[in-house]
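Asks: First the structure, then my questions, so here it is.
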Amino acid sequence: MIPELKDLSESEIDLLKKIPAMVTILIAGADEQISKGELKEAINLTKIKQSKARKELLGYYQEVAPDFEKSLNQLLNSYPKEAEIRSKQVIEDIERLNDILKKVDKNWAHQFVDSMKDIAKKVAESAGGVFGYLSIGYEESKLIDLKMIKVPS
């Protein structure tokens with residue numbers, strides 16, 4: 001159990017654990033084509049974050065990373081295939097996070113959101129530019145800052 005999440009319900013914790021996969025699907029699918037490279041980047045990044053995340057989030061990633069690929073594939077299969085409908089649904093699901101973030105430590109919430117933005121940026125970069133890296137497409141750039149997530153102040 002992640003200490004910062006001790007006051008949350010099981011369904012709230014479950015949603016928190018799915019957010020990296022939802023962010024991946026949102027950003028990877030922004031240009032309508034979810035590539036294997038984008039998914040692979042998210043899987044690798046989540047594995048790395050088990051040991052190299054912000055210290056407040058190490059426990060979170062150690063719990064999320066082992067099942068991340070499975071969770072990502074399950075979510076990918078549960079969302080509509082059409083990009084516009086899928087994006088709308090994923091955004092609605094991510095927005096449910098806002099009420100949860102009000103219930104956790106503010107510093108942890110800020111670190112968490114920053115980490116999700118990091119995932120969004122790295123997934124977006126993995127799909128474009130020179131040799132497939134270091135460029136963010138227009139559709140991805142509109143979503144990369146995850147404006148649907150409101151960090152408690």
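Going by the structure tokens order, chains are called A, B, ..., each with residues numbered from 1, while ligands are numbered from 1 in the order shown.
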Could you give me, as a list in words, the residues within 7 Å of Leu72 in chain A, counting only C-alpha atoms and dropping anything in the same chain fewer than 4 positions from it?
Replies: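 Once the nearby chain positions are removed, what remains is Ala21, Phe68 and Leu76 of chain A.
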Asks: How would the residues just chosen look if you wrote them out with C-alpha atoms as a JSON list (two decimals), in the first residue's frame?
Replies:
```json
[["chain", "number", "residue", "atom", "x", "y", "z"],
["A", 21, "ALA", "CA", -1.94, 3.97, -19.21],
["A", 68, "PHE", "CA", 1.47, -1.67, -16.55],
["A", 76, "LEU", "CA", -6.63, -0.07, -25.12]]
```
Asks: Which one is closest to Asp93 in chain A: A:Met148, A:Leu8, A:Ile119, A:Val64? Count only C-alpha atoms.
Replies: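 Looking only at the distances to Asp93 in chain A, the closest residue turns out to be A:Met148.
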Asks: Which is closest to Arg96 in chain A among A:Lys150, A:Ser115, A:Gln33, A:Glu41, if we use only C-alpha atoms?
Replies: A:Lys150
Asks: Please indicate the distance in Å from CA of Thr46 in chain A to CA of Lys103 in chain A, rounded to one decimal place.
Replies: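 Calculated distance between CA of Thr46 in chain A and CA of Lys103 in chain A is 24.1 Å.
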Asks: For Ile94 in chain A, please output as a ChimeraX atom specification all residues within 12 Å (counting only C-alpha atoms; exclusion window: fewer than 6 positions along the same chain).
Replies: /A:12,15-26,87-88,100-101,113,116,146-150
Asks: Using the selection just defined, write its residues with N, CA and C atoms as a short mmCIF file (atom, residue, chain, number, x, y, z; two decimals), in the first residue's frame.
Replies:
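What follows is the written file selection26.cif:
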```cif
data_model
loop_
_atom_site.label_atom_id
_atom_site.label_comp_id
_atom_site.auth_asym_id
_atom_site.auth_seq_id
_atom_site.Cartn_x
_atom_site.Cartn_y
_atom_site.Cartn_z
N GLU A 12 -10.83 4.45 -6.20
CA GLU A 12 -9.99 5.63 -6.42
C GLU A 12 -8.54 5.23 -6.65
N LEU A 15 -8.22 3.75 -10.13
CA LEU A 15 -8.14 4.79 -11.16
C LEU A 15 -6.75 5.41 -11.20
N LEU A 16 -6.21 5.72 -10.03
CA LEU A 16 -4.86 6.30 -9.97
C LEU A 16 -3.83 5.40 -10.64
N LYS A 17 -3.98 4.11 -10.46
CA LYS A 17 -3.04 3.16 -11.05
C LYS A 17 -3.19 3.08 -12.57
N LYS A 18 -4.36 3.43 -13.09
CA LYS A 18 -4.60 3.36 -14.53
C LYS A 18 -4.23 4.65 -15.26
N ILE A 19 -4.00 5.72 -14.53
CA ILE A 19 -3.75 7.03 -15.16
C ILE A 19 -2.55 7.01 -16.12
N PRO A 20 -1.40 6.40 -15.78
CA PRO A 20 -0.30 6.39 -16.76
C PRO A 20 -0.70 5.72 -18.08
N ALA A 21 -1.48 4.65 -18.00
CA ALA A 21 -1.94 3.97 -19.21
C ALA A 21 -2.93 4.86 -19.98
N MET A 22 -3.80 5.55 -19.27
CA MET A 22 -4.75 6.45 -19.93
C MET A 22 -4.03 7.60 -20.62
N VAL A 23 -3.03 8.16 -19.95
CA VAL A 23 -2.24 9.24 -20.54
C VAL A 23 -1.54 8.73 -21.80
N THR A 24 -1.00 7.53 -21.72
CA THR A 24 -0.33 6.93 -22.88
C THR A 24 -1.30 6.79 -24.05
N ILE A 25 -2.48 6.26 -23.79
CA ILE A 25 -3.48 6.06 -24.84
C ILE A 25 -3.93 7.40 -25.42
N LEU A 26 -4.13 8.38 -24.56
CA LEU A 26 -4.56 9.70 -25.02
C LEU A 26 -3.54 10.32 -25.96
N SER A 87 -10.53 9.55 -27.63
CA SER A 87 -9.91 10.66 -26.90
C SER A 87 -10.89 11.32 -25.94
N LYS A 88 -12.10 11.53 -26.40
CA LYS A 88 -13.12 12.15 -25.55
C LYS A 88 -13.38 11.30 -24.30
N ILE A 100 -9.96 13.00 -6.79
CA ILE A 100 -9.04 12.17 -6.01
C ILE A 100 -7.83 12.99 -5.56
N LEU A 101 -7.32 13.82 -6.44
CA LEU A 101 -6.13 14.61 -6.11
C LEU A 101 -6.39 15.57 -4.94
N VAL A 113 1.20 14.67 -10.94
CA VAL A 113 0.79 15.33 -12.19
C VAL A 113 2.00 15.65 -13.05
N MET A 116 3.00 12.53 -14.78
CA MET A 116 2.10 12.18 -15.88
C MET A 116 2.41 13.04 -17.11
N LEU A 146 -1.84 18.11 -20.48
CA LEU A 146 -2.86 17.46 -19.65
C LEU A 146 -3.72 18.49 -18.88
N LYS A 147 -4.23 19.48 -19.59
CA LYS A 147 -5.03 20.54 -18.96
C LYS A 147 -6.28 20.02 -18.26
N MET A 148 -6.70 18.80 -18.60
CA MET A 148 -7.89 18.25 -17.96
C MET A 148 -7.62 17.87 -16.49
N ILE A 149 -6.36 17.83 -16.10
CA ILE A 149 -6.01 17.52 -14.70
C ILE A 149 -5.79 18.83 -13.97
N LYS A 150 -6.55 19.02 -12.92
CA LYS A 150 -6.46 20.23 -12.09
C LYS A 150 -5.72 19.90 -10.81
#
```
Asks: Could you please determine the separation between CA of Ala124 in chain A and CA of Ala42 in chain A in Å, to one decimal place?
Replies: 9.9 Å
Asks: Could you pull the residues within 10 Å of Val151 in chain A, counting only C-alpha atoms, minus those fewer than 4 positions along the same chain, as a list in words?
Replies: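 These residues fall inside the cut-off: Leu97, Asn98, Asp99, Leu101, Lys102, Lys106, Asn107, Ala109, His110, Gln111, Phe112, Val113, Asp114 and Lys147 of chain A.
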Asks: Just to confirm, what's the straight-line distance from CA of Glu95 in chain A to CA of Pro66 in chain A in Å (one decimal)?
Replies: 24.6 Å
Asks: Quick one: everything within 10 Å of Lys40 in chain A, counting only C-alpha atoms, minus sequence neighbours fewer than 6 positions away in the same chain. Send it as a CSV table (one decimal) with C-alpha atoms, in the first residue's frame.
Replies:
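Output below, filename selection-v1.csv:
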```
chain,number,residue,atom,x,y,z
A,46,THR,CA,7.2,3.0,-16.4
A,69,GLU,CA,1.7,-3.4,-19.9
A,123,VAL,CA,5.3,9.2,-25.5
A,126,SER,CA,8.7,8.8,-29.4
```
Asks: Ranking A:Asn44, A:Val90, A:Gln62, A:Ala53 by minimum distance to Leu75 in chain A and counting only C-alpha atoms, which one comes first?
Replies: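 Result for the nearest residue to Leu75 in chain A: A:Val90.
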Asks: Identify all residues of chain A in helix (DSSP H, G or I) (DSSP on the backbone) and supply them as number ranges by chain.
Replies: A: 3-5, 10-28, 36-52, 55-78, 83-95, 97-101, 106-125, 138-143
